[in-house]
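File shown here: upload.txt, holding compact mmCIF, C-alpha atoms.
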# COMPACT_ATOMS: atom_id res chain seq x y z
CA MET A 1 86.12 -18.93 67.88
CA GLY A 2 82.49 -18.90 66.79
CA TYR A 3 81.56 -18.84 63.11
CA LEU A 4 78.70 -17.22 61.23
CA LEU A 5 76.25 -18.72 58.73
CA GLY A 6 74.27 -16.83 56.10
CA VAL A 7 71.67 -18.53 53.91
CA ASP A 8 69.75 -17.22 50.92
CA GLY A 9 67.14 -19.50 49.40
CA GLY A 10 64.52 -18.94 46.74
CA GLY A 11 62.75 -20.30 43.74
CA THR A 12 65.92 -20.94 41.75
CA LYS A 13 68.72 -21.91 44.14
CA THR A 14 69.98 -21.92 47.71
CA GLN A 15 73.33 -20.47 48.78
CA ALA A 16 74.95 -20.87 52.19
CA LEU A 17 78.07 -19.02 53.35
CA ILE A 18 80.30 -19.55 56.38
CA ALA A 19 82.31 -16.63 57.77
CA ASP A 20 84.53 -15.93 60.74
CA LYS A 21 83.34 -13.54 63.46
CA ASN A 22 84.55 -10.54 61.42
CA GLY A 23 82.48 -11.51 58.40
CA PHE A 24 85.33 -12.88 56.28
CA ILE A 25 83.83 -15.64 54.13
CA ILE A 26 85.63 -18.97 54.31
CA GLY A 27 83.14 -21.48 52.92
CA GLU A 28 80.27 -21.74 50.44
CA GLY A 29 77.62 -24.32 49.64
CA LYS A 30 74.98 -24.36 46.92
CA ASN A 31 71.91 -26.47 46.33
CA GLY A 32 68.53 -26.44 44.62
CA PRO A 33 65.36 -24.33 45.05
CA ALA A 34 63.84 -23.64 48.47
CA ASN A 35 60.45 -22.00 48.04
CA GLU A 36 57.51 -23.82 49.59
CA LEU A 37 55.11 -22.11 47.20
CA PHE A 38 56.60 -24.07 44.29
CA ASP A 39 58.50 -27.01 45.79
CA ASP A 40 57.52 -29.73 48.22
CA ALA A 41 58.76 -29.77 51.81
CA GLU A 42 61.28 -32.54 51.19
CA CYS A 43 62.89 -30.57 48.36
CA VAL A 44 63.04 -27.35 50.38
CA HIS A 45 64.48 -29.07 53.44
CA GLY A 46 67.04 -30.93 51.35
CA SER A 47 68.13 -27.80 49.47
CA ILE A 48 68.69 -25.71 52.59
CA MET A 49 70.37 -28.38 54.71
CA GLY A 50 72.40 -29.60 51.73
CA ALA A 51 73.78 -26.10 51.09
CA ILE A 52 74.66 -25.65 54.77
CA GLU A 53 76.41 -29.02 55.01
CA GLU A 54 78.39 -28.30 51.84
CA ALA A 55 79.47 -24.89 53.19
CA LEU A 56 80.63 -26.47 56.47
CA SER A 57 82.53 -29.18 54.59
CA CYS A 58 84.10 -26.59 52.28
CA CYS A 59 85.87 -24.81 55.13
CA GLY A 60 86.43 -27.85 57.32
CA ILE A 61 84.49 -26.81 60.42
CA SER A 62 81.73 -28.58 62.33
CA GLY A 63 78.21 -27.33 62.91
CA GLU A 64 78.96 -27.05 66.65
CA GLN A 65 81.33 -24.17 65.88
CA VAL A 66 78.61 -21.97 64.33
CA THR A 67 77.25 -19.46 66.84
CA ARG A 68 74.93 -17.25 64.77
CA SER A 69 72.90 -18.05 61.66
CA VAL A 70 70.86 -15.65 59.54
CA PHE A 71 68.37 -16.93 56.99
CA GLY A 72 66.58 -15.22 54.11
CA VAL A 73 64.45 -18.11 52.92
CA PRO A 74 60.72 -18.36 52.06
CA ALA A 75 60.38 -21.59 54.03
CA ALA A 76 58.51 -22.49 57.21
CA GLN A 77 60.92 -22.38 60.12
CA SER A 78 59.22 -25.37 61.72
CA LEU A 79 60.33 -27.42 58.72
CA LEU A 80 63.98 -26.78 59.59
CA ALA A 81 64.02 -26.39 63.37
CA ASP A 82 64.92 -29.94 64.43
CA SER A 83 67.58 -30.42 61.73
CA LEU A 84 69.19 -27.05 62.44
CA LYS A 85 69.36 -27.61 66.18
CA THR A 86 70.88 -31.05 65.63
CA LEU A 87 73.50 -29.81 63.16
CA MET A 88 74.35 -26.53 64.92
CA PRO A 89 73.39 -26.88 68.61
CA ASN A 90 75.31 -23.78 69.73
CA SER A 91 73.90 -21.35 67.18
CA GLU A 92 71.31 -18.63 67.33
CA PHE A 93 68.92 -18.85 64.37
CA HIS A 94 67.36 -15.72 62.89
CA PHE A 95 64.90 -15.84 60.00
CA LEU A 96 64.63 -12.36 58.50
CA GLY A 97 63.18 -12.96 55.03
CA GLU A 98 64.72 -12.32 51.64
CA ALA A 99 64.31 -8.54 51.61
CA PRO A 100 66.47 -7.55 54.63
CA ILE A 101 69.42 -9.68 53.56
CA ALA A 102 69.17 -8.46 49.95
CA PHE A 103 69.24 -4.85 51.16
CA ALA A 104 72.20 -5.58 53.42
CA SER A 105 74.12 -7.02 50.44
CA GLY A 106 74.32 -3.49 49.03
CA SER A 107 74.00 -1.10 51.94
CA ASP A 108 75.24 -0.90 55.53
CA LYS A 109 72.55 1.64 56.44
CA SER A 110 69.76 0.83 58.89
CA PHE A 111 67.09 2.39 56.63
CA GLY A 112 66.45 2.65 52.91
CA ILE A 113 64.66 1.07 49.97
CA LEU A 114 65.16 -2.25 48.20
CA LEU A 115 63.98 -3.01 44.66
CA ILE A 116 64.17 -6.62 43.46
CA ALA A 117 63.55 -7.83 39.91
CA GLY A 118 64.43 -11.49 39.59
CA THR A 119 62.01 -14.27 38.75
CA GLY A 120 59.48 -12.13 40.64
CA SER A 121 59.56 -8.53 41.82
CA LEU A 122 59.00 -6.46 44.94
CA SER A 123 60.08 -3.35 46.76
CA TRP A 124 60.77 -3.25 50.49
CA GLY A 125 61.85 -0.51 52.83
CA ARG A 126 62.62 0.45 56.40
CA ASN A 127 62.57 3.98 57.82
CA ARG A 128 64.62 5.51 60.62
CA GLU A 129 61.98 4.57 63.19
CA GLY A 130 62.20 0.90 62.27
CA THR A 131 58.90 0.65 60.40
CA CYS A 132 59.03 -1.75 57.45
CA THR A 133 56.72 -2.08 54.48
CA ALA A 134 56.63 -3.65 51.03
CA THR A 135 54.97 -3.23 47.65
CA GLY A 136 54.51 -6.00 45.11
CA GLY A 137 55.82 -9.43 45.94
CA GLY A 138 52.47 -11.17 45.49
CA GLY A 139 53.65 -13.50 42.74
CA ALA A 140 52.48 -14.08 39.20
CA ALA A 141 48.75 -14.05 40.00
CA PHE A 142 48.99 -10.56 41.47
CA GLY A 143 51.45 -8.98 39.08
CA ASP A 144 55.21 -9.57 39.36
CA GLU A 145 55.53 -6.46 37.22
CA GLY A 146 59.02 -5.75 35.91
CA SER A 147 60.27 -9.21 36.84
CA GLY A 148 61.86 -11.89 34.71
CA PHE A 149 58.49 -13.62 34.59
CA ASP A 150 56.81 -10.41 33.46
CA LEU A 151 59.33 -9.85 30.66
CA GLY A 152 58.99 -13.45 29.53
CA ARG A 153 55.19 -13.32 29.65
CA GLU A 154 55.10 -10.15 27.56
CA ALA A 155 57.52 -11.73 25.11
CA LEU A 156 55.19 -14.70 24.67
CA ARG A 157 52.22 -12.40 24.16
CA SER A 158 54.04 -10.49 21.46
CA ILE A 159 55.03 -13.75 19.76
CA GLY A 160 51.46 -15.07 19.86
CA LYS A 161 50.10 -11.91 18.28
CA MET A 162 52.79 -11.95 15.62
CA TYR A 163 52.08 -15.55 14.65
CA ASP A 164 48.32 -15.10 14.31
CA GLY A 165 48.49 -11.73 12.58
CA ARG A 166 47.33 -9.46 15.43
CA GLY A 167 50.70 -7.86 15.99
CA PRO A 168 53.87 -6.73 14.23
CA VAL A 169 56.92 -8.84 13.50
CA THR A 170 59.40 -8.91 16.35
CA SER A 171 62.89 -10.37 16.59
CA ILE A 172 61.87 -11.80 19.96
CA ALA A 173 60.17 -14.69 18.12
CA SER A 174 63.26 -15.88 16.24
CA LYS A 175 65.43 -15.43 19.31
CA VAL A 176 63.08 -17.52 21.44
CA CYS A 177 62.95 -20.24 18.78
CA SER A 178 66.74 -20.27 18.65
CA PHE A 179 66.94 -20.47 22.44
CA LEU A 180 64.51 -23.40 22.52
CA GLY A 181 65.91 -25.15 19.47
CA CYS A 182 62.55 -25.16 17.69
CA ASN A 183 61.26 -23.58 14.47
CA SER A 184 57.53 -23.24 15.08
CA PHE A 185 54.97 -21.72 17.39
CA ASP A 186 54.02 -25.24 18.49
CA GLY A 187 57.53 -25.68 19.83
CA ILE A 188 57.11 -22.58 21.99
CA LEU A 189 53.72 -23.81 23.22
CA SER A 190 55.29 -27.12 24.22
CA TYR A 191 57.97 -25.28 26.20
CA VAL A 192 55.40 -23.26 28.12
CA TYR A 193 52.74 -25.90 28.72
CA GLY A 194 54.62 -29.20 28.33
CA LYS A 195 53.97 -31.73 31.09
CA GLN A 196 57.49 -33.10 30.69
CA TYR A 197 58.82 -30.31 32.90
CA PRO A 198 58.82 -30.92 36.67
CA ARG A 199 58.35 -27.33 37.89
CA SER A 200 55.94 -24.46 37.36
CA SER A 201 55.98 -22.77 33.95
CA ARG A 202 56.64 -19.51 35.82
CA PHE A 203 60.35 -20.31 35.96
CA ARG A 204 60.57 -21.36 32.32
CA ILE A 205 58.84 -18.16 31.25
CA ALA A 206 61.22 -16.09 33.40
CA ASP A 207 64.16 -17.75 31.63
CA LEU A 208 63.11 -15.84 28.48
CA ALA A 209 63.81 -12.45 30.08
CA PRO A 210 67.42 -12.14 28.80
CA ILE A 211 66.08 -12.53 25.27
CA VAL A 212 63.85 -9.48 25.73
CA LEU A 213 66.77 -7.48 27.14
CA GLU A 214 68.93 -8.52 24.19
CA ALA A 215 66.25 -7.62 21.63
CA ALA A 216 65.67 -4.25 23.30
CA GLY A 217 69.39 -3.56 23.22
CA GLU A 218 69.28 -4.15 19.47
CA GLY A 219 66.39 -1.72 19.04
CA ASP A 220 63.44 -4.09 18.57
CA MET A 221 60.34 -1.90 18.94
CA LEU A 222 58.20 -4.34 20.91
CA ALA A 223 61.07 -5.33 23.18
CA CYS A 224 61.75 -1.66 23.92
CA GLN A 225 58.08 -1.14 24.77
CA ILE A 226 58.15 -4.12 27.14
CA ILE A 227 61.24 -2.73 28.87
CA GLU A 228 59.74 0.75 29.16
CA SER A 229 56.57 -0.60 30.76
CA ALA A 230 58.55 -2.82 33.13
CA ALA A 231 60.71 0.12 34.21
CA ASP A 232 57.59 2.20 34.91
CA GLU A 233 56.20 -0.54 37.14
CA LEU A 234 59.44 -1.02 39.06
CA GLU A 235 59.77 2.71 39.62
CA LEU A 236 56.20 2.80 40.91
CA MET A 237 56.93 0.01 43.38
CA ALA A 238 59.97 1.81 44.79
CA VAL A 239 58.31 5.23 44.93
CA THR A 240 55.17 3.87 46.59
CA CYS A 241 57.25 2.03 49.17
CA ALA A 242 59.23 5.19 49.93
CA GLN A 243 56.05 7.27 50.18
CA LYS A 244 54.49 4.89 52.69
CA LEU A 245 57.58 5.20 54.89
CA GLY A 246 57.97 8.96 54.53
CA LEU A 247 61.30 8.52 52.73
CA LEU A 248 60.58 9.94 49.30
CA GLU A 249 62.35 13.26 49.89
CA GLN A 250 65.14 11.91 52.10
CA GLU A 251 68.72 11.00 51.34
CA LEU A 252 68.91 7.23 51.41
CA ASP A 253 70.31 4.14 49.72
CA ILE A 254 68.13 2.34 47.23
CA VAL A 255 69.46 -1.14 46.50
CA LEU A 256 68.55 -2.59 43.09
CA THR A 257 69.05 -6.32 42.89
CA GLY A 258 67.69 -9.60 41.53
CA GLY A 259 68.95 -11.39 38.45
CA VAL A 260 67.15 -9.15 35.95
CA LEU A 261 68.52 -5.88 37.36
CA ARG A 262 71.97 -7.11 38.37
CA GLN A 263 72.79 -8.21 34.82
CA GLY A 264 72.52 -4.58 33.71
CA GLY A 265 71.29 -3.60 30.27
CA PRO A 266 68.33 -1.51 29.11
CA LEU A 267 65.96 -2.26 32.00
CA LEU A 268 68.42 -1.19 34.68
CA ARG A 269 69.28 1.96 32.69
CA GLN A 270 65.60 2.89 32.36
CA VAL A 271 64.89 2.28 36.05
CA LEU A 272 67.88 4.38 37.10
CA LEU A 273 66.80 7.26 34.84
CA LYS A 274 63.28 7.20 36.22
CA LEU A 275 64.38 7.03 39.85
CA GLN A 276 66.77 9.92 39.29
CA LYS A 277 63.73 12.07 38.56
CA SER A 278 61.27 10.68 41.12
CA MET A 279 63.76 10.13 43.99
CA PRO A 280 66.57 12.62 43.24
CA ARG A 281 68.15 12.37 46.70
CA ALA A 282 68.40 8.59 46.60
CA ASN A 283 71.73 6.85 46.15
CA PRO A 284 71.19 3.88 43.81
CA ILE A 285 73.33 0.81 44.48
CA VAL A 286 73.55 -2.34 42.36
CA PRO A 287 75.26 -4.87 44.64
CA LYS A 288 78.19 -6.90 43.44
CA LEU A 289 77.59 -9.30 46.32
CA ASP A 290 74.96 -12.02 46.58
CA PRO A 291 72.13 -11.73 49.15
CA ALA A 292 73.76 -14.46 51.24
CA CYS A 293 76.61 -11.98 51.80
CA GLY A 294 74.02 -9.61 53.22
CA ALA A 295 72.98 -12.33 55.67
CA ILE A 296 76.61 -12.64 56.76
CA ALA A 297 76.89 -8.85 57.11
CA LEU A 298 73.89 -8.82 59.43
CA ALA A 299 75.13 -11.83 61.39
CA ALA A 300 78.47 -10.08 61.95
CA ARG A 301 76.80 -7.14 63.65
CA GLU A 302 76.89 -7.33 67.41
CA LYS A 303 75.22 -4.38 69.13
CA GLU A 304 73.16 -3.32 66.11
CA PHE A 305 71.81 -6.69 65.13
CA SER A 306 69.03 -7.17 67.65
CA GLY A 307 67.48 -3.81 66.84
CA TRP A 308 67.88 -3.91 63.12
CA TYR A 309 65.02 -6.23 62.31
CA GLN A 310 62.33 -7.89 64.32
CA TYR A 311 63.13 -11.55 64.88
CA ILE A 312 60.52 -13.46 62.95
CA PHE A 313 61.69 -16.71 64.51
CA LYS A 314 64.39 -17.73 66.95
CA ILE A 315 65.17 -21.29 67.94
CA GLU A 316 65.98 -21.43 71.64
Once more with this new file: its structure as structure tokens, please.
Amino acid sequence: MGYLLGVDGGGTKTQALIADKNGFIIGEGKNGPANELFDDAECVHGSIMGAIEEALSCCGISGEQVTRSVFGVPAAQSLLADSLKTLMPNSEFHFLGEAPIAFASGSDKSFGILLIAGTGSLSWGRNREGTCTATGGGGAAFGDEGSGFDLGREALRSIGKMYDGRGPVTSIASKVCSFLGCNSFDGILSYVYGKQYPRSSRFRIADLAPIVLEAAGEGDMLACQIIESAADELELMAVTCAQKLGLLEQELDIVLTGGVLRQGGPLLRQVLLKLQKSMPRANPIVPKLDPACGAIALAAREKEFSGWYQYIFKIE
């Protein structure tokens, strides 16, 4: 019997799942980050292959038994081709990107809208005719509005203004100091700009997002303003994506995922309220499953699979 592989890799971690031909998951492997924008090729290659090898070992099967593999990783396929063919010589390899597998983790429909707010943010959609489009997703330099990075960046701005007298007192400052184990603004500066950290400050700033959500839940005025603005931006992404695809007035699934949205709290509530007004026929779904499960769901499809998404890359 052939087995299925689903892989989700990004700026924080890589997850690989093995499933039988019906999509029942039997093995899992995890490893480090796999985004070539922030990590070198050796790190990306090691994270992806390490997660796959761990998943295979977990369920006690060999790579030769895998017959279809679906990837949602922001990595160059050429980086992985030789290693994948060596490890799994009998498998098809389909690289679909992070958006399709994230959507499939919450919906079994062939069309709809995806809204992601994790470290970064984006909206993606596909209409009934198979046309796909996206809004956002350009990274920190271009926006990342409503993302973990955005919340963390706005938190730092509010702290900076508080410390130098340009802004009001906010509980975000004391919460960040407690999180970092420091008691001064210099300690926060060191966290953001310190050369002792191996990776981009983007990820460290995004790690502050739960503090903003907590402060907003407790009624902190500035935190609530940050959340309101973030929700506006995320709604705009989703609505614009739907408009471009002619889906705004249609009944459809809208999948809301990414670490910031999936943890619930005030941002998710605000986004849901706004989408209820701007896309009243949409069915919002917050997946309980990880995106790698969406990759498995797509891999398990037989007749539908080839038409669902354009193959970006296939190793023959």
### Query
Given the choices A:Gly160, A:Gly265, A:Thr257, A:Thr119, which gets closest to Gly143 of chain A if the distance is worked out from all atoms listed in the file?
A:Thr119
### Task
List every protein, DNA or RNA residue that has at least one atom no more than 9 Å from (58.8, -21.4, 31.0) in the file's coordinates, counting only C-alpha atoms, and write the result as a list of chain:residue names.
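Nearby residues: A:Phe149, A:Gly152, A:Arg153, A:Tyr191, A:Val192, A:Tyr193, A:Ser200, A:Ser201, A:Arg202, A:Phe203, A:Arg204, A:Ile205, A:Ala206, A:Asp207, A:Leu208.
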Polymer residues at most 10 Å from Ile188 of chain A, all atoms listed in the file, same-chain spacing of 4 or more positions, as a CSV table (one decimal) with C-alpha atoms, in the frame of the given file:
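Final output, selection_12.csv:
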chain,number,residue,atom,x,y,z
A,156,LEU,CA,55.2,-14.7,24.7
A,159,ILE,CA,55.0,-13.8,19.8
A,160,GLY,CA,51.5,-15.1,19.9
A,173,ALA,CA,60.2,-14.7,18.1
A,176,VAL,CA,63.1,-17.5,21.4
A,177,CYS,CA,63.0,-20.2,18.8
A,180,LEU,CA,64.5,-23.4,22.5
A,181,GLY,CA,65.9,-25.2,19.5
A,182,CYS,CA,62.6,-25.2,17.7
A,183,ASN,CA,61.3,-23.6,14.5
A,184,SER,CA,57.5,-23.2,15.1
A,192,VAL,CA,55.4,-23.3,28.1
A,193,TYR,CA,52.7,-25.9,28.7
A,194,GLY,CA,54.6,-29.2,28.3
#### Entry: Residue contacts of segment 129-141 of chain A (9 Å, all atoms listed in the file) excluding same-chain residues fewer than 4 positions away, as a VMD selection string
chain A and resid 110 to 111 120 to 125 145 149 to 150 202 237 to 238 240 to 242 244 to 245 307 to 309
Just the residues within 7 Å of segment 100-108 of chain A, please, counting all atoms listed in the file, with nothing from its chain fewer than 6 positions along; format it as a CSV table (one decimal) with C-alpha atoms, in the coordinates of the input.
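Ended up saving to selection-v8.csv:
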chain,number,residue,atom,x,y,z
A,72,GLY,CA,66.6,-15.2,54.1
A,114,LEU,CA,65.2,-2.2,48.2
A,253,ASP,CA,70.3,4.1,49.7
A,255,VAL,CA,69.5,-1.1,46.5
A,285,ILE,CA,73.3,0.8,44.5
A,286,VAL,CA,73.6,-2.3,42.4
A,287,PRO,CA,75.3,-4.9,44.6
A,289,LEU,CA,77.6,-9.3,46.3
A,290,ASP,CA,75.0,-12.0,46.6
A,291,PRO,CA,72.1,-11.7,49.2
A,292,ALA,CA,73.8,-14.5,51.2
A,293,CYS,CA,76.6,-12.0,51.8
A,294,GLY,CA,74.0,-9.6,53.2
A,295,ALA,CA,73.0,-12.3,55.7
A,297,ALA,CA,76.9,-8.8,57.1
### Message
Using only C-alpha atoms for the distances, tell me which of A:Ile227, A:Ala81, A:Ala76, A:Ala215 is nearest to Leu151 of chain A.
### Response
A:Ile227
### Query
Near Gln15 of chain A, within 8 Å and counting all atoms listed in the file, which residues show up once chain neighbours fewer than 2 positions away are dropped, as a ChimeraX atom specification?
/A:7-9,13,17,28-31,48,51,292
Writing out the chosen residues with C-alpha atoms as a JSON list (two decimals), keeping the file's coordinate frame:
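This is the output file result_23.json:
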[["chain", "number", "residue", "atom", "x", "y", "z"],
["A", 7, "VAL", "CA", 71.67, -18.53, 53.91],
["A", 8, "ASP", "CA", 69.75, -17.22, 50.92],
["A", 9, "GLY", "CA", 67.14, -19.50, 49.40],
["A", 13, "LYS", "CA", 68.72, -21.91, 44.14],
["A", 17, "LEU", "CA", 78.07, -19.02, 53.35],
["A", 28, "GLU", "CA", 80.27, -21.74, 50.44],
["A", 29, "GLY", "CA", 77.62, -24.32, 49.64],
["A", 30, "LYS", "CA", 74.98, -24.36, 46.92],
["A", 31, "ASN", "CA", 71.91, -26.47, 46.33],
["A", 48, "ILE", "CA", 68.69, -25.71, 52.59],
["A", 51, "ALA", "CA", 73.78, -26.10, 51.09],
["A", 292, "ALA", "CA", 73.76, -14.46, 51.24]]
### Query
Any idea what the distance is between atom CA of Pro284 of chain A and atom CA of Ile113 of chain A?
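Those two atoms sit 9.4 Å apart.
One distance worth recording is that between atom CA of Ala34 of chain A and atom CA of Gly50 of chain A, which is 10.9 Å.
With all atoms listed in the file as the atoms that count, the minimum distance from Leu189 of chain A to the choices A:Phe38, A:Arg128, A:Arg157, A:Glu214 is reached by A:Arg157.
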#### Entry: Pick from A:Phe142, A:Arg126, A:Gly6, A:Pro266 nearest to Gly246 of chain A, counting all atoms listed in the file
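Of A:Phe142, A:Arg126, A:Gly6, A:Pro266, the one nearest Gly246 of chain A, counting all atoms listed in the file, is A:Arg126.
Coordinates place atom CA of Gly2 of chain A at a distance of 13.4 Å from atom CA of Arg301 of chain A.
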### Task
Would you list the contacts of Asp220 of chain A as a count of residues only, taking every protein, DNA or RNA residue within 7 Å and counting only C-alpha atoms, but skipping same-chain residues closer than 3 positions in sequence?
6
### Query
In file coordinates, which residues lie within 9 Å of (77.0, -25.8, 66.9) using all atoms listed in the file, given as number ranges by chain?
A: 2, 62-67, 85-91
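Nearest residue to Gly167 of chain A among A:Met221, A:Thr14, A:Gly32, A:Ile296 is A:Met221, counting all atoms listed in the file.
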### Task
Identify which of the residues A:Ser158, A:Gln196, A:Asn283, A:Ser147 lies closest to Val260 of chain A, counting only C-alpha atoms when measuring atom-to-atom distances.
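Of the candidates, the smallest distance to Val260 of chain A is held by A:Ser147.
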